[in-house]
file model.cif (mmCIF, C-alpha atoms)
data_entry
loop_
_atom_site.group_PDB
_atom_site.id
_atom_site.type_symbol
_atom_site.label_atom_id
_atom_site.label_comp_id
_atom_site.auth_asym_id
_atom_site.auth_seq_id
_atom_site.Cartn_x
_atom_site.Cartn_y
_atom_site.Cartn_z
ATOM 1 C CA MET G 18 -68.865 63.320 45.429
ATOM 2 C CA LEU G 19 -65.194 63.798 44.577
ATOM 3 C CA VAL G 20 -64.106 61.745 41.603
ATOM 4 C CA ILE G 21 -60.423 61.344 40.760
ATOM 5 C CA GLU G 22 -60.215 60.889 37.017
ATOM 6 C CA ARG G 23 -56.724 59.399 36.974
ATOM 7 C CA ASP G 24 -54.209 57.796 39.252
ATOM 8 C CA ILE G 25 -52.320 60.723 40.808
ATOM 9 C CA TYR G 26 -49.250 58.503 41.218
ATOM 10 C CA ALA G 27 -49.153 57.304 37.614
ATOM 11 C CA ASP G 28 -46.671 59.924 36.436
ATOM 12 C CA TYR G 29 -44.318 59.678 39.411
ATOM 13 C CA TYR G 30 -42.883 56.218 39.772
ATOM 14 C CA GLU G 31 -39.530 54.991 41.013
ATOM 15 C CA LEU G 32 -37.090 53.343 38.630
ATOM 16 C CA ASP G 33 -35.673 50.096 39.946
ATOM 17 C CA ASP G 34 -31.873 50.227 39.843
ATOM 18 C CA LYS G 35 -31.394 46.603 38.843
ATOM 19 C CA GLU G 36 -34.184 45.893 36.387
ATOM 20 C CA LYS G 37 -34.896 49.447 35.185
ATOM 21 C CA THR G 38 -38.603 48.772 35.552
ATOM 22 C CA PRO G 39 -41.198 51.109 37.079
ATOM 23 C CA VAL G 40 -41.957 50.596 40.753
ATOM 24 C CA ARG G 41 -45.493 51.887 41.296
ATOM 25 C CA TYR G 42 -46.622 53.426 44.542
ATOM 26 C CA ARG G 43 -49.665 51.208 44.940
ATOM 27 C CA SER G 44 -47.582 48.047 44.609
ATOM 28 C CA LEU G 45 -45.431 48.904 47.633
ATOM 29 C CA SER G 46 -45.802 47.736 51.204
ATOM 30 C CA SER G 47 -46.833 50.183 53.919
ATOM 31 C CA TRP G 48 -43.185 50.823 54.813
ATOM 32 C CA GLY G 49 -42.302 51.095 51.135
ATOM 33 C CA LYS G 50 -44.938 53.794 50.708
ATOM 34 C CA TRP G 51 -43.399 55.768 53.561
ATOM 35 C CA GLU G 52 -39.978 55.488 51.920
ATOM 36 C CA TRP G 53 -41.483 56.509 48.589
ATOM 37 C CA CYS G 54 -43.035 59.649 50.103
ATOM 38 C CA LEU G 55 -39.876 60.593 51.988
ATOM 39 C CA ALA G 56 -37.787 60.080 48.862
ATOM 40 C CA HIS G 57 -40.046 62.480 46.971
ATOM 41 C CA CYS G 58 -39.918 65.057 49.757
ATOM 42 C CA PHE G 59 -36.119 65.102 49.754
ATOM 43 C CA SER G 60 -35.588 64.701 46.006
ATOM 44 C CA ALA G 61 -36.027 68.162 44.546
ATOM 45 C CA ARG G 62 -34.436 67.007 41.282
ATOM 46 C CA GLY G 63 -36.306 63.694 40.988
ATOM 47 C CA ILE G 64 -33.173 61.538 40.911
ATOM 48 C CA GLY G 65 -34.185 57.885 40.613
ATOM 49 C CA PHE G 66 -37.752 58.736 39.612
ATOM 50 C CA SER G 67 -39.525 58.991 36.285
ATOM 51 C CA TRP G 68 -39.731 62.783 36.565
ATOM 52 C CA ALA G 69 -35.981 63.300 37.028
ATOM 53 C CA ILE G 70 -34.827 66.660 35.709
ATOM 54 C CA PRO G 71 -32.862 66.306 32.447
ATOM 55 C CA HIS G 72 -29.189 67.178 32.021
ATOM 56 C CA LEU G 73 -28.192 66.569 35.632
ATOM 57 C CA PRO G 74 -24.452 66.478 36.484
ATOM 58 C CA GLU G 75 -22.696 63.169 35.953
ATOM 59 C CA ALA G 76 -22.703 60.719 38.836
ATOM 60 C CA MET G 77 -20.291 58.015 39.920
ATOM 61 C CA PRO G 78 -20.951 54.478 38.612
ATOM 62 C CA SER G 79 -23.431 52.373 40.577
ATOM 63 C CA ASN G 80 -20.716 49.822 41.442
ATOM 64 C CA THR G 81 -18.481 52.409 43.148
ATOM 65 C CA THR G 82 -17.289 51.140 46.523
ATOM 66 C CA ILE G 83 -17.763 53.172 49.684
ATOM 67 C CA ARG G 84 -13.993 53.611 50.020
ATOM 68 C CA ASP G 85 -13.625 54.922 46.462
ATOM 69 C CA TYR G 86 -16.635 57.179 46.905
ATOM 70 C CA LEU G 87 -15.303 58.693 50.133
ATOM 71 C CA ARG G 88 -11.829 59.149 48.639
ATOM 72 C CA ALA G 89 -13.255 60.969 45.617
ATOM 73 C CA SER G 90 -15.512 63.059 47.872
ATOM 74 C CA ALA G 91 -12.567 64.088 50.055
ATOM 75 C CA LEU G 92 -10.543 65.148 47.010
ATOM 76 C CA ASN G 93 -13.488 67.092 45.579
ATOM 77 C CA LEU G 94 -14.183 68.850 48.877
ATOM 78 C CA GLY G 95 -10.501 69.726 49.246
ATOM 79 C CA TRP G 96 -10.378 71.216 45.765
ATOM 80 C CA LEU G 97 -13.604 73.165 46.308
ATOM 81 C CA TYR G 98 -12.255 74.493 49.609
ATOM 82 C CA LEU G 99 -9.101 75.800 47.908
ATOM 83 C CA VAL G 100 -11.122 77.508 45.168
ATOM 84 C CA GLN G 101 -13.484 79.044 47.720
ATOM 85 C CA ASP G 102 -10.590 80.142 49.924
ATOM 86 C CA LEU G 103 -8.795 81.789 47.006
ATOM 87 C CA GLY G 104 -11.888 83.715 45.954
ATOM 88 C CA ARG G 105 -12.668 84.927 49.465
ATOM 89 C CA SER G 106 -9.058 85.906 50.058
ATOM 90 C CA LEU G 107 -8.997 87.984 46.879
ATOM 91 C CA LEU G 108 -12.168 89.778 47.910
ATOM 92 C CA SER G 109 -10.992 90.547 51.433
ATOM 93 C CA ALA G 110 -7.512 91.664 50.357
ATOM 94 C CA ASP G 111 -8.819 94.984 48.964
ATOM 95 C CA LEU G 112 -7.221 94.158 45.628
ATOM 96 C CA PHE G 113 -10.356 94.722 43.594
ATOM 97 C CA ALA G 114 -12.895 96.437 45.833
ATOM 98 C CA HIS G 115 -12.772 98.060 49.223
ATOM 99 C CA GLU G 116 -15.289 98.931 51.876
ATOM 100 C CA GLY G 117 -17.999 101.171 50.485
ATOM 101 C CA VAL G 118 -17.236 100.203 46.891
ATOM 102 C CA GLY G 119 -19.397 97.474 45.407
ATOM 103 C CA ALA G 120 -18.863 95.216 42.427
ATOM 104 C CA SER G 121 -20.888 97.572 40.222
ATOM 105 C CA ASP G 122 -18.437 100.394 40.988
ATOM 106 C CA THR G 123 -15.366 98.469 39.874
ATOM 107 C CA LYS G 124 -14.211 98.432 36.275
ATOM 108 C CA GLY G 125 -12.508 96.093 33.841
ATOM 109 C CA GLY G 126 -10.582 93.185 35.272
ATOM 110 C CA ALA G 127 -11.325 94.227 38.850
ATOM 111 C CA ARG G 128 -15.056 94.004 38.214
ATOM 112 C CA PHE G 129 -14.669 90.669 36.455
ATOM 113 C CA LEU G 130 -12.674 89.085 39.282
ATOM 114 C CA THR G 131 -14.909 90.552 41.982
ATOM 115 C CA VAL G 132 -18.061 89.214 40.348
ATOM 116 C CA TYR G 133 -16.646 85.760 39.746
ATOM 117 C CA SER G 134 -15.122 85.468 43.194
ATOM 118 C CA LEU G 135 -18.594 86.133 44.592
ATOM 119 C CA GLY G 136 -20.323 83.914 42.037
ATOM 120 C CA ILE G 137 -18.052 80.915 42.527
ATOM 121 C CA GLY G 138 -18.424 81.356 46.266
ATOM 122 C CA ALA G 139 -22.208 81.229 45.900
ATOM 123 C CA LEU G 140 -21.993 78.027 43.869
ATOM 124 C CA LEU G 141 -19.641 76.353 46.320
ATOM 125 C CA ASN G 142 -21.781 77.346 49.298
ATOM 126 C CA ILE G 143 -24.446 75.148 47.721
ATOM 127 C CA ASP G 144 -22.282 72.313 46.432
ATOM 128 C CA MET G 145 -19.886 71.784 49.348
ATOM 129 C CA PRO G 146 -22.472 71.119 52.113
ATOM 130 C CA TYR G 147 -24.391 68.823 49.772
ATOM 131 C CA ARG G 148 -21.290 66.775 48.947
ATOM 132 C CA ALA G 149 -20.406 66.581 52.642
ATOM 133 C CA VAL G 150 -23.878 65.291 53.560
ATOM 134 C CA CYS G 151 -23.734 62.723 50.736
ATOM 135 C CA ALA G 152 -20.379 61.497 52.062
ATOM 136 C CA MET G 153 -21.789 61.196 55.595
ATOM 137 C CA GLY G 154 -24.740 59.215 54.287
ATOM 138 C CA MET G 155 -22.507 56.827 52.372
ATOM 139 C CA ALA G 156 -20.085 56.410 55.284
ATOM 140 C CA SER G 157 -22.831 55.732 57.827
ATOM 141 C CA GLY G 158 -24.994 53.619 55.524
ATOM 142 C CA CYS G 159 -28.087 55.336 56.911
ATOM 143 C CA PHE G 160 -29.160 57.390 53.892
ATOM 144 C CA TRP G 161 -28.200 58.285 50.309
ATOM 145 C CA THR G 162 -26.271 55.047 49.937
ATOM 146 C CA ARG G 163 -26.532 54.824 46.145
ATOM 147 C CA PRO G 164 -23.457 56.538 44.674
ATOM 148 C CA HIS G 165 -25.044 56.978 41.248
ATOM 149 C CA HIS G 166 -27.890 58.946 42.867
ATOM 150 C CA ASN G 167 -25.582 61.366 44.681
ATOM 151 C CA ARG G 168 -25.101 63.677 41.752
ATOM 152 C CA PRO G 169 -23.286 66.996 42.338
ATOM 153 C CA ALA G 170 -25.510 69.966 43.107
ATOM 154 C CA VAL G 171 -23.988 72.050 40.309
ATOM 155 C CA GLY G 172 -22.735 71.185 36.852
ATOM 156 C CA ARG G 173 -19.511 71.804 34.967
ATOM 157 C CA TRP G 174 -18.573 75.348 33.985
ATOM 158 C CA ARG G 175 -17.302 74.245 30.589
ATOM 159 C CA ASP G 176 -20.864 73.262 29.643
ATOM 160 C CA ALA G 177 -22.044 76.885 29.905
ATOM 161 C CA TRP G 178 -21.576 78.240 26.397
ATOM 162 C CA THR G 179 -25.101 79.726 26.472
ATOM 163 C CA LEU G 180 -27.147 81.349 29.216
ATOM 164 C CA ARG G 181 -29.811 78.705 28.797
ATOM 165 C CA ARG G 182 -27.250 75.972 29.359
ATOM 166 C CA PHE G 183 -25.821 77.774 32.387
ATOM 167 C CA TRP G 184 -29.188 78.077 34.103
ATOM 168 C CA GLY G 185 -30.356 74.640 32.946
ATOM 169 C CA ARG G 186 -27.196 72.588 33.515
ATOM 170 C CA VAL G 187 -24.574 74.410 35.590
ATOM 171 C CA TRP G 188 -26.627 76.195 38.226
ATOM 172 C CA HIS G 189 -28.424 74.052 40.807
ATOM 173 C CA GLN G 190 -31.830 72.756 39.698
ATOM 174 C CA THR G 191 -33.496 72.628 43.121
ATOM 175 C CA PHE G 192 -36.462 74.786 42.149
ATOM 176 C CA ARG G 193 -36.667 73.922 38.483
ATOM 177 C CA LYS G 194 -39.573 71.496 38.788
ATOM 178 C CA PRO G 195 -41.933 73.719 40.847
ATOM 179 C CA TRP G 196 -41.115 76.873 38.881
ATOM 180 C CA GLN G 197 -41.463 75.075 35.562
ATOM 181 C CA SER G 198 -44.759 73.486 36.619
ATOM 182 C CA ILE G 199 -46.227 76.892 37.460
ATOM 183 C CA GLY G 200 -44.951 78.305 34.171
ATOM 184 C CA GLN G 201 -46.474 75.420 32.240
ATOM 185 C CA TRP G 202 -49.811 75.921 33.968
ATOM 186 C CA ILE G 203 -49.828 79.624 33.083
ATOM 187 C CA ALA G 204 -48.777 78.945 29.489
ATOM 188 C CA TRP G 205 -51.023 75.965 28.776
ATOM 189 C CA GLU G 206 -54.067 76.496 30.978
ATOM 190 C CA VAL G 207 -54.296 80.268 31.402
ATOM 191 C CA MET G 208 -52.897 81.530 28.102
ATOM 192 C CA ARG G 209 -53.880 78.432 26.079
ATOM 193 C CA ALA G 210 -50.503 78.405 24.339
ATOM 194 C CA LEU G 211 -49.556 75.335 22.350
ATOM 195 C CA LYS G 212 -47.014 73.031 23.940
ATOM 196 C CA GLY G 213 -43.617 73.576 22.369
ATOM 197 C CA SER G 214 -44.536 76.975 20.925
ATOM 198 C CA LEU G 215 -42.439 80.109 21.386
ATOM 199 C CA VAL G 216 -45.138 81.630 23.587
ATOM 200 C CA SER G 217 -45.148 78.571 25.836
ATOM 201 C CA ARG G 218 -41.362 78.492 26.008
ATOM 202 C CA TYR G 219 -40.900 82.128 26.951
ATOM 203 C CA VAL G 220 -43.806 82.230 29.387
ATOM 204 C CA GLN G 221 -42.072 79.423 31.273
ATOM 205 C CA VAL G 222 -38.719 81.224 31.125
ATOM 206 C CA TYR G 223 -40.072 84.520 32.455
ATOM 207 C CA THR G 224 -42.216 82.801 35.082
ATOM 208 C CA SER G 225 -39.233 80.860 36.424
ATOM 209 C CA PHE G 226 -37.042 83.939 36.742
ATOM 210 C CA LEU G 227 -39.817 86.063 38.245
ATOM 211 C CA LEU G 228 -40.443 83.421 40.899
ATOM 212 C CA SER G 229 -36.705 83.143 41.550
ATOM 213 C CA ALA G 230 -36.524 86.913 41.981
ATOM 214 C CA LEU G 231 -39.479 86.835 44.369
ATOM 215 C CA MET G 232 -37.845 84.119 46.476
ATOM 216 C CA HIS G 233 -34.546 86.012 46.735
ATOM 217 C CA VAL G 234 -36.299 89.287 47.514
ATOM 218 C CA ALA G 235 -38.206 87.537 50.304
ATOM 219 C CA ALA G 236 -34.912 86.217 51.718
ATOM 220 C CA ALA G 237 -33.381 89.699 51.606
ATOM 221 C CA ARG G 238 -36.407 91.223 53.327
ATOM 222 C CA MET G 239 -36.246 88.603 56.069
ATOM 223 C CA ALA G 240 -32.568 89.419 56.584
ATOM 224 C CA ASP G 241 -33.365 93.142 56.731
ATOM 225 C CA PRO G 242 -37.094 93.829 57.296
ATOM 226 C CA HIS G 243 -36.499 97.584 57.082
ATOM 227 C CA ARG G 244 -35.101 97.453 53.566
ATOM 228 C CA ARG G 245 -37.401 99.344 51.215
ATOM 229 C CA SER G 246 -36.196 98.201 47.824
ATOM 230 C CA CYS G 247 -34.586 95.191 46.179
ATOM 231 C CA ALA G 248 -34.663 96.646 42.694
ATOM 232 C CA GLY G 249 -31.279 95.186 41.807
ATOM 233 C CA THR G 250 -32.526 91.648 42.412
ATOM 234 C CA TRP G 251 -35.589 92.162 40.212
ATOM 235 C CA ILE G 252 -33.434 93.668 37.459
ATOM 236 C CA PHE G 253 -30.891 90.843 37.590
ATOM 237 C CA PHE G 254 -33.389 87.999 37.269
ATOM 238 C CA LEU G 255 -35.484 89.697 34.588
ATOM 239 C CA MET G 256 -32.303 90.414 32.658
ATOM 240 C CA GLN G 257 -31.540 86.680 32.622
ATOM 241 C CA ALA G 258 -34.820 85.999 30.846
ATOM 242 C CA ASN G 259 -34.162 88.873 28.430
ATOM 243 C CA GLY G 260 -30.677 87.519 27.785
ATOM 244 C CA ILE G 261 -32.003 84.060 26.933
ATOM 245 C CA VAL G 262 -34.481 85.553 24.448
ATOM 246 C CA ALA G 263 -31.734 87.638 22.811
ATOM 247 C CA GLU G 264 -29.478 84.604 22.760
ATOM 248 C CA ASP G 265 -32.142 82.516 21.016
ATOM 249 C CA VAL G 266 -32.484 85.178 18.323
ATOM 250 C CA VAL G 267 -28.722 85.219 17.733
ATOM 251 C CA GLN G 268 -28.599 81.422 17.577
ATOM 252 C CA TRP G 269 -31.487 81.367 15.112
ATOM 253 C CA ALA G 270 -29.723 83.909 12.904
ATOM 254 C CA GLY G 271 -26.442 82.018 13.209
ATOM 255 C CA LYS G 272 -28.009 78.773 12.057
ATOM 256 C CA LYS G 273 -29.409 80.581 9.031
ATOM 257 C CA THR G 274 -25.866 81.561 8.075
ATOM 258 C CA GLY G 275 -24.513 78.051 8.562
ATOM 259 C CA MET G 276 -22.933 78.374 12.017
ATOM 260 C CA ARG G 277 -22.856 75.164 14.048
ATOM 261 C CA GLU G 278 -23.288 75.152 17.824
ATOM 262 C CA SER G 279 -20.997 72.140 18.095
ATOM 263 C CA SER G 280 -17.995 73.948 16.591
ATOM 264 C CA SER G 281 -15.092 74.880 18.867
ATOM 265 C CA LEU G 282 -15.219 78.523 17.774
ATOM 266 C CA THR G 283 -18.931 78.833 18.514
ATOM 267 C CA ARG G 284 -18.519 77.354 21.970
ATOM 268 C CA PHE G 285 -15.513 79.554 22.713
ATOM 269 C CA LEU G 286 -17.460 82.664 21.736
ATOM 270 C CA GLY G 287 -20.441 81.401 23.713
ATOM 271 C CA ARG G 288 -18.411 80.953 26.900
ATOM 272 C CA ALA G 289 -16.926 84.427 26.471
ATOM 273 C CA TRP G 290 -20.435 85.820 26.038
ATOM 274 C CA VAL G 291 -21.687 84.119 29.210
ATOM 275 C CA LEU G 292 -18.716 85.361 31.257
ATOM 276 C CA CYS G 293 -19.159 88.941 30.053
ATOM 277 C CA TRP G 294 -22.914 88.792 30.586
ATOM 278 C CA PHE G 295 -22.613 87.894 34.254
ATOM 279 C CA ALA G 296 -19.817 90.412 34.789
ATOM 280 C CA TRP G 297 -22.326 93.024 33.607
ATOM 281 C CA THR G 298 -25.557 91.842 35.264
ATOM 282 C CA ALA G 299 -24.514 90.083 38.492
ATOM 283 C CA PRO G 300 -23.523 93.277 40.394
ATOM 284 C CA TRP G 301 -27.190 94.275 40.551
ATOM 285 C CA PHE G 302 -27.940 91.157 42.566
ATOM 286 C CA PHE G 303 -24.730 91.099 44.594
ATOM 287 C CA GLY G 304 -25.286 94.718 45.596
ATOM 288 C CA ASP G 305 -28.649 93.881 47.134
ATOM 289 C CA ILE G 306 -27.501 90.851 49.097
ATOM 290 C CA ALA G 307 -24.356 92.647 50.279
ATOM 291 C CA ASP G 308 -26.478 95.495 51.638
ATOM 292 C CA VAL G 309 -28.453 93.103 53.854
ATOM 293 C CA GLY G 310 -25.359 91.263 55.086
ATOM 294 C CA LEU G 311 -25.777 88.016 53.140
ATOM 295 C CA ILE G 312 -22.238 88.105 51.719
ATOM 296 C CA ARG G 313 -19.523 86.961 54.090
ATOM 297 C CA LEU G 314 -15.854 87.214 53.248
ATOM 298 C CA GLU G 315 -14.767 85.103 56.215
ATOM 299 C CA THR G 316 -15.995 81.622 55.288
ATOM 300 C CA PHE G 317 -13.462 79.259 56.872
ATOM 301 C CA PRO G 318 -11.489 79.606 60.127
ATOM 302 C CA LEU G 319 -8.302 78.547 58.301
ATOM 303 C CA SER G 320 -7.031 80.121 55.084
ATOM 304 C CA VAL G 321 -4.360 78.341 53.060
ATOM 305 C CA THR G 322 -4.187 81.214 50.570
ATOM 306 C CA ARG G 323 -3.490 83.852 53.207
ATOM 307 C CA GLY G 324 -1.139 81.569 55.056
ATOM 308 C CA LEU G 325 1.040 81.066 51.994
ATOM 309 C CA TRP G 326 0.769 84.724 50.964
ATOM 310 C CA ASN G 327 1.396 86.612 54.202
ATOM 311 C CA ARG G 328 1.542 84.022 57.011
ATOM 312 C CA GLN G 329 -1.976 84.843 58.220
ATOM 313 C CA TRP G 330 -3.369 81.331 58.443
ATOM 314 C CA LYS G 331 -6.470 82.304 60.396
ATOM 315 C CA MET G 332 -9.275 84.353 58.922
#
call {"tool": "encode", "arguments": {"input": "model.cif", "output": "structure tokens"}}
result
Amino acid sequence: MLVIERDIYADYYELDDKEKTPVRYRSLSSWGKWEWCLAHCFSARGIGFSWAIPHLPEAMPSNTTIRDYLRASALNLGWLYLVQDLGRSLLSADLFAHEGVGASDTKGGARFLTVYSLGIGALLNIDMPYRAVCAMGMASGCFWTRPHHNRPAVGRWRDAWTLRRFWGRVWHQTFRKPWQSIGQWIAWEVMRALKGSLVSRYVQVYTSFLLSALMHVAAARMADPHRRSCAGTWIFFLMQANGIVAEDVVQWAGKKTGMRESSSLTRFLGRAWVLCWFAWTAPWFFGDIADVGLIRLETFPLSVTRGLWNRQWKM
């Protein structure tokens, strides 16, 4: 006979917006239970639930009107479009790299701008569709009608003065919960590491990046089944874990000498470190996805940047 030792819904309850009290699954009506399940299925970050991922991007106030929300969304989408358009135009203008020459073959400023044009494009390809869907939900009133739940998919770049903060706050957190759960199981159940210990922490870090690498390799192989190797992808994601470990050591040593993470100088140096790190490591990953055709320079049918530069308004 199967015996369930605890209520499987006890740790995952919804937070009521008005009273800030737990709304338990078993207390809901039949329709409420369906809504609860659907909300979990489409809430990869746990927004509005007790298991919400920490350090999510800031949201609009709960009393934001639909008109104000849509106006802000339109301005944000317009700004993101201009940034995306500028980056794609720089890449396709042969200013920094040309056909047959990848980001890893460029040097200095050309490499830096190539990598960040691709990187910002990758971020915006995630954030822009999400913001557009949120706006459609608010405008129609059919779904995602709580403005304070429609948090941006990615965080603010100025918060990334360490690699750990970049991957934990700036980059999207869609797979953080499943990857972290697997890492915790390996650390706590398989390796019997103490919660909060260095072993537990780094097992979770390496597990998360290994699973991320596996997912991206699978996507590349589906795009090109005949591709034999995705070594660059494996190297890139493992290097992120190595970088976080090295970063922790430097921070530990810095604290011993009296350096404060909150100081302006420390954060400036940290942001410079993060920018240089990705300029060095990202080409391994971008090279792999470019080889299988997953990088497109022509994103929008209309280009403001090219129109103003050389009268070529269409891509």
call {"tool": "closest_residue", "arguments": {"input": "model.cif", "among": "G:Trp178, G:Trp202, G:Phe66, G:Gly324", "to": "Leu282 (chain G)", "atoms": "only C-alpha atoms"}}
result
G:Trp178
call {"tool": "closest_atom_pairs", "arguments": {"input": "model.cif", "of": "region 180-231 of chain G", "to": "region 138-145 of chain G", "cutoff": "12 Å", "atoms": "all atoms listed in the file", "output": "tab-separated table"}}
result
residue	atom	partner	partner_atom	distance
G:Val187	CA	G:Leu140	CA	9.4
G:Trp188	CA	G:Leu140	CA	7.5
G:His189	CA	G:Ile143	CA	8.1
G:Gln190	CA	G:Ile143	CA	11.2
G:Thr191	CA	G:Ile143	CA	10.5
call {"tool": "residues_around", "arguments": {"input": "model.cif", "residues": "Tyr98 (chain G)", "least_positions_apart": "3", "cutoff": "9 Å", "atoms": "all atoms listed in the file", "output": "list in words"}}
result
Asn93, Leu94, Gly95, Gln101, Asp102, Leu103, Leu141, Met145 and Phe317 of chain G
call {"tool": "closest_residue", "arguments": {"input": "model.cif", "among": "G:Val267, G:Met77, G:Ala170, G:Ala235", "to": "Tyr147 (chain G)", "atoms": "only C-alpha atoms"}}
result
G:Ala170
call {"tool": "atom_distance", "arguments": {"input": "model.cif", "atom1": "CA of Phe192 (chain G)", "atom2": "CA of Leu231 (chain G)"}}
result
12.6 Å
call {"tool": "resolve_selection", "arguments": {"input": "model.cif", "expression": "the PyMOL selection byres ((chain G and resi 46-60) around 10)", "output": "list in words"}}
result
Tyr29, Tyr30, Glu31, Val40, Arg41, Tyr42, Arg43, Ser44, Leu45, Ala61, Arg62, Gly63, Ile64, Gly65, Phe66, Ala69, Trp161 and Thr191 of chain G
call {"tool": "write_last_selection", "arguments": {"input": "model.cif", "atoms": "C-alpha atoms", "output": "JSON list (two decimals), in the coordinates of the input"}}
result
[["chain", "number", "residue", "atom", "x", "y", "z"],
["G", 29, "TYR", "CA", -44.32, 59.68, 39.41],
["G", 30, "TYR", "CA", -42.88, 56.22, 39.77],
["G", 31, "GLU", "CA", -39.53, 54.99, 41.01],
["G", 40, "VAL", "CA", -41.96, 50.60, 40.75],
["G", 41, "ARG", "CA", -45.49, 51.89, 41.30],
["G", 42, "TYR", "CA", -46.62, 53.43, 44.54],
["G", 43, "ARG", "CA", -49.66, 51.21, 44.94],
["G", 44, "SER", "CA", -47.58, 48.05, 44.61],
["G", 45, "LEU", "CA", -45.43, 48.90, 47.63],
["G", 61, "ALA", "CA", -36.03, 68.16, 44.55],
["G", 62, "ARG", "CA", -34.44, 67.01, 41.28],
["G", 63, "GLY", "CA", -36.31, 63.69, 40.99],
["G", 64, "ILE", "CA", -33.17, 61.54, 40.91],
["G", 65, "GLY", "CA", -34.18, 57.88, 40.61],
["G", 66, "PHE", "CA", -37.75, 58.74, 39.61],
["G", 69, "ALA", "CA", -35.98, 63.30, 37.03],
["G", 161, "TRP", "CA", -28.20, 58.28, 50.31],
["G", 191, "THR", "CA", -33.50, 72.63, 43.12]]
call {"tool": "residues_around", "arguments": {"input": "model.cif", "residues": "Glu75 (chain G)", "least_positions_apart": "6", "cutoff": "12 Å", "atoms": "all atoms listed in the file", "output": "MDAnalysis selection string"}}
result
chainID G and resid 64 164:173 186:187
call {"tool": "atom_distance", "arguments": {"input": "model.cif", "atom1": "CA of Arg163 (chain G)", "atom2": "CA of Gly185 (chain G)"}}
result
24.1 Å
call {"tool": "atom_distance", "arguments": {"input": "model.cif", "atom1": "CA of Arg238 (chain G)", "atom2": "CA of Ile306 (chain G)"}}
result
9.9 Å
call {"tool": "resolve_selection", "arguments": {"input": "model.cif", "expression": "the PyMOL selection byres ((chain G and resi 226) around 8)", "output": "number ranges by chain"}}
result
G: 222-225, 227-230, 254-255, 257-258
call {"tool": "write_last_selection", "arguments": {"input": "model.cif", "atoms": "C-alpha atoms", "output": "PDB file, in the coordinates of the input"}}
result
ATOM      1  CA  VAL G 222     -38.719  81.224  31.125  1.00  0.00           C
ATOM      2  CA  TYR G 223     -40.072  84.520  32.455  1.00  0.00           C
ATOM      3  CA  THR G 224     -42.216  82.801  35.082  1.00  0.00           C
ATOM      4  CA  SER G 225     -39.233  80.860  36.424  1.00  0.00           C
ATOM      5  CA  LEU G 227     -39.817  86.063  38.245  1.00  0.00           C
ATOM      6  CA  LEU G 228     -40.443  83.421  40.899  1.00  0.00           C
ATOM      7  CA  SER G 229     -36.705  83.143  41.550  1.00  0.00           C
ATOM      8  CA  ALA G 230     -36.524  86.913  41.981  1.00  0.00           C
ATOM      9  CA  PHE G 254     -33.389  87.999  37.269  1.00  0.00           C
ATOM     10  CA  LEU G 255     -35.484  89.697  34.588  1.00  0.00           C
ATOM     11  CA  GLN G 257     -31.540  86.680  32.622  1.00  0.00           C
ATOM     12  CA  ALA G 258     -34.820  85.999  30.846  1.00  0.00           C
TER      13      ALA G 258
END
call {"tool": "residues_around", "arguments": {"input": "model.cif", "residues": "region 291-294 of chain G", "least_positions_apart": "6", "cutoff": "10 Å", "atoms": "all atoms listed in the file", "output": "PyMOL selection string"}}
result
chain G and resi 129+132-133+177-183+256-257+260
call {"tool": "closest_residue", "arguments": {"input": "model.cif", "among": "G:Arg175, G:Ser79, G:Arg105, G:Gly310", "to": "Phe285 (chain G)", "atoms": "only C-alpha atoms"}}
result
G:Arg175
call {"tool": "axis_aligned_box", "arguments": {"input": "model.cif", "around": "region 146-154 of chain G", "padding_each_side": "8 Å", "output": "AutoDock Vina command-line options"}}
result
--center_x -22.6 --center_y 65.2 --center_z 52.3 --size_x 20.4 --size_y 27.9 --size_z 22.6
call {"tool": "residues_around", "arguments": {"input": "model.cif", "residues": "Gly126 (chain G)", "least_positions_apart": "4", "cutoff": "10 Å", "atoms": "all atoms listed in the file", "output": "PyMOL selection string"}}
result
chain G and resi 113+130-132+296
call {"tool": "residues_near_point", "arguments": {"input": "model.cif", "point": "(-21.6, 57.2, 54.9)", "cutoff": "12 Å", "atoms": "only C-alpha atoms", "output": "PyMOL selection string"}}
result
chain G and resi 82-88+90+148-164+167
call {"tool": "residues_around", "arguments": {"input": "model.cif", "residues": "Trp205 (chain G)", "least_positions_apart": "6", "cutoff": "8 Å", "atoms": "all atoms listed in the file", "output": "ChimeraX atom specification"}}
result
/G:211-212,217
call {"tool": "closest_residue", "arguments": {"input": "model.cif", "among": "G:Leu99, G:Leu215, G:Val309, G:Leu325", "to": "Ser246 (chain G)", "atoms": "all atoms listed in the file"}}
result
G:Val309
call {"tool": "closest_residue", "arguments": {"input": "model.cif", "among": "G:Pro242, G:Gly249, G:Gly287, G:Gly200", "to": "Glu264 (chain G)", "atoms": "all atoms listed in the file"}}
result
G:Gly287
